[in-house]
Amino acid sequence: MKIVFLDAKTIGEDIDLSGFDKLGEVVKYPFSSSAEVPERAADADVLIINKIQINKQTIGTAEKLKLVCVTATGTNNLDKNYLDSRGIAWRNVAGYSTESVAQHTFAMLFYLLEKLRYYDSYVKNGHYVNDTIFTHFEEVFYELSGKTWGIIGLGNIGRRVASIAEAFKAKVIYSSPSGSAPQKGYCQVDLDTLYRRSDIISVHAPLNQYTENLIDKTAFSKMKKSCIFLNLGRGPIVSEQDLYDALEQGDICAAGLDVLCKEPMAPDNPLLSIKDSRRLFITPHVGWASVEARTRLMNIILGQVRDFFNPVL
């Protein structure tokens, strides 16, 4: 068996992949362009990919190919009809990053809520040395307790965020853009109600026909001016120009993003011009990527490959 990693660097160089060596020949490419895929996949039995486009153009000449494994939950990059026509199986992974993304959600929230950038800079710039009193609270902040947290997309990650928010005594409400049936034990509201009532709004929804460009100028206009908005779902759920305008006009208090419409970030992204980290905090799609989550992910992929070729073991 030949296993080919087409964009291994998206997993990280610190994750142990030696288990795959026990299954057969393993070839790892840090990155692959679409033009490079046909040659690199030509004699592969298994392709392990993240963002690579898999279609007739890229794998049309891969005559031995039997399995494509996506090191992610989303599979928009797979031409499933073409794979089915060739009898090529595919696998993805769900649930591996729940704890990591939930943790990152709260890291982003507290950075913004407690004005941590300001206070850290205040001390490190020497202002706290020989200050007049023992404390300094020029930038006020509030407790999470008693606040309303609105969640858009109540899947595994949304539910985990809800449980942590409730541990801080926040009131949790949620909305389902697709109109899914209410989930027992959670307070479902329509989107307009969520926008109006929430002190914090976090997005944990997938990108689909119900969520693309969901959070736009109209949505931001309905939010509290004190609202902290967080997107840890997918970038295109939010209109970045409208978010820029909302922040500049004071329609919302602050925003934290771990996902963008184009990744890596486009040089003409309007959000690049907002340098005040108290209002806008952006991380480069790392919420999913704790060491534990990436290890869990690759162990699941390893099991998928093993089980596909040795289902009785």
# chains A, B, ... in the order shown; residues from 1 in each chain; ligands from 1
call {"tool": "closest_atom_pairs", "arguments": {"of": "region 154-227 of chain A", "to": "region 88-100 of chain A", "cutoff": "8 Å", "atoms": "only C-alpha atoms", "output": "CSV"}}
result
residue,atom,partner,partner_atom,distance
A:Asn156,CA,A:Thr98,CA,6.5
A:Ile157,CA,A:Thr98,CA,5.0
A:Arg160,CA,A:Thr98,CA,7.3
call {"tool": "atom_distance", "arguments": {"atom1": "CA of Leu23 (chain A)", "atom2": "CA of Phe309 (chain A)"}}
result
9.5 Å
call {"tool": "select_by_dssp", "arguments": {"residues": "region 27-62 of chain A", "states": "strand (DSSP E or B)", "output": "number ranges by chain"}}
result
A: 27-28, 46-49, 54
call {"tool": "write_last_selection", "arguments": {"atoms": "all heavy atoms", "output": "PDB file, in the first residue's frame"}}
result
ATOM      1  N   VAL A  27       4.606   8.618   1.759  1.00  0.00           N
ATOM      2  CA  VAL A  27       5.270   9.766   1.153  1.00  0.00           C
ATOM      3  C   VAL A  27       4.555  11.028   1.640  1.00  0.00           C
ATOM      4  O   VAL A  27       3.320  11.098   1.591  1.00  0.00           O
ATOM      5  CB  VAL A  27       5.228   9.716  -0.385  1.00  0.00           C
ATOM      6  CG1 VAL A  27       5.886  10.961  -0.984  1.00  0.00           C
ATOM      7  CG2 VAL A  27       5.908   8.450  -0.891  1.00  0.00           C
ATOM      8  N   LYS A  28       5.340  11.981   2.127  1.00  0.00           N
ATOM      9  CA  LYS A  28       4.755  13.216   2.657  1.00  0.00           C
ATOM     10  C   LYS A  28       5.250  14.415   1.855  1.00  0.00           C
ATOM     11  O   LYS A  28       6.456  14.613   1.715  1.00  0.00           O
ATOM     12  CB  LYS A  28       5.123  13.402   4.128  1.00  0.00           C
ATOM     13  CG  LYS A  28       4.683  12.295   5.070  1.00  0.00           C
ATOM     14  CD  LYS A  28       4.992  12.683   6.516  1.00  0.00           C
ATOM     15  CE  LYS A  28       4.750  11.521   7.467  1.00  0.00           C
ATOM     16  NZ  LYS A  28       5.827  10.514   7.383  1.00  0.00           N
ATOM     17  N   VAL A  46      -3.851   5.491  -1.127  1.00  0.00           N
ATOM     18  CA  VAL A  46      -4.536   6.359  -0.164  1.00  0.00           C
ATOM     19  C   VAL A  46      -3.979   7.769  -0.294  1.00  0.00           C
ATOM     20  O   VAL A  46      -2.760   7.961  -0.344  1.00  0.00           O
ATOM     21  CB  VAL A  46      -4.341   5.869   1.288  1.00  0.00           C
ATOM     22  CG1 VAL A  46      -5.063   6.801   2.270  1.00  0.00           C
ATOM     23  CG2 VAL A  46      -4.814   4.436   1.448  1.00  0.00           C
ATOM     24  N   LEU A  47      -4.860   8.758  -0.330  1.00  0.00           N
ATOM     25  CA  LEU A  47      -4.457  10.155  -0.256  1.00  0.00           C
ATOM     26  C   LEU A  47      -4.954  10.732   1.061  1.00  0.00           C
ATOM     27  O   LEU A  47      -6.124  10.539   1.426  1.00  0.00           O
ATOM     28  CB  LEU A  47      -5.049  10.968  -1.407  1.00  0.00           C
ATOM     29  CG  LEU A  47      -4.524  10.679  -2.814  1.00  0.00           C
ATOM     30  CD1 LEU A  47      -5.248  11.575  -3.821  1.00  0.00           C
ATOM     31  CD2 LEU A  47      -3.021  10.895  -2.897  1.00  0.00           C
ATOM     32  N   ILE A  48      -4.072  11.418   1.760  1.00  0.00           N
ATOM     33  CA  ILE A  48      -4.447  12.115   2.985  1.00  0.00           C
ATOM     34  C   ILE A  48      -4.274  13.602   2.721  1.00  0.00           C
ATOM     35  O   ILE A  48      -3.179  14.063   2.393  1.00  0.00           O
ATOM     36  CB  ILE A  48      -3.615  11.635   4.181  1.00  0.00           C
ATOM     37  CG1 ILE A  48      -3.886  10.143   4.417  1.00  0.00           C
ATOM     38  CG2 ILE A  48      -3.934  12.457   5.424  1.00  0.00           C
ATOM     39  CD1 ILE A  48      -3.106   9.526   5.547  1.00  0.00           C
ATOM     40  N   ILE A  49      -5.374  14.325   2.825  1.00  0.00           N
ATOM     41  CA  ILE A  49      -5.388  15.728   2.393  1.00  0.00           C
ATOM     42  C   ILE A  49      -6.127  16.581   3.411  1.00  0.00           C
ATOM     43  O   ILE A  49      -6.858  16.081   4.262  1.00  0.00           O
ATOM     44  CB  ILE A  49      -6.062  15.870   1.014  1.00  0.00           C
ATOM     45  CG1 ILE A  49      -7.518  15.376   1.086  1.00  0.00           C
ATOM     46  CG2 ILE A  49      -5.329  15.096  -0.037  1.00  0.00           C
ATOM     47  CD1 ILE A  49      -8.515  16.277   0.478  1.00  0.00           C
ATOM     48  N   ILE A  54     -10.036  17.656  -4.767  1.00  0.00           N
ATOM     49  CA  ILE A  54     -10.029  16.290  -5.277  1.00  0.00           C
ATOM     50  C   ILE A  54     -11.153  16.156  -6.294  1.00  0.00           C
ATOM     51  O   ILE A  54     -12.343  16.175  -5.956  1.00  0.00           O
ATOM     52  CB  ILE A  54     -10.202  15.266  -4.131  1.00  0.00           C
ATOM     53  CG1 ILE A  54      -9.034  15.369  -3.142  1.00  0.00           C
ATOM     54  CG2 ILE A  54     -10.314  13.861  -4.692  1.00  0.00           C
ATOM     55  CD1 ILE A  54      -7.679  15.033  -3.738  1.00  0.00           C
TER      56      ILE A  54
END
call {"tool": "select_by_dssp", "arguments": {"residues": "region 32-139 of chain A", "states": "alpha helix (DSSP H)", "output": "ChimeraX atom specification"}}
result
/A:37-41,56-59,80-86,98-113,116-124
call {"tool": "closest_residue", "arguments": {"among": "A:Ala205, A:Met1, A:Leu83, A:Leu194", "to": "Asp45 (chain A)", "atoms": "only C-alpha atoms"}}
result
A:Met1
call {"tool": "closest_residue", "arguments": {"among": "A:Phe220, A:Arg159, A:Gly153, A:Asn76", "to": "Asp190 (chain A)", "atoms": "only C-alpha atoms"}}
result
A:Gly153
call {"tool": "residues_around", "arguments": {"residues": "Ala293 (chain A)", "least_positions_apart": "2", "cutoff": "12 Å", "atoms": "only C-alpha atoms", "output": "PyMOL selection string"}}
result
chain A and resi 11-12+15+71-72+93-103+286-291+295-300
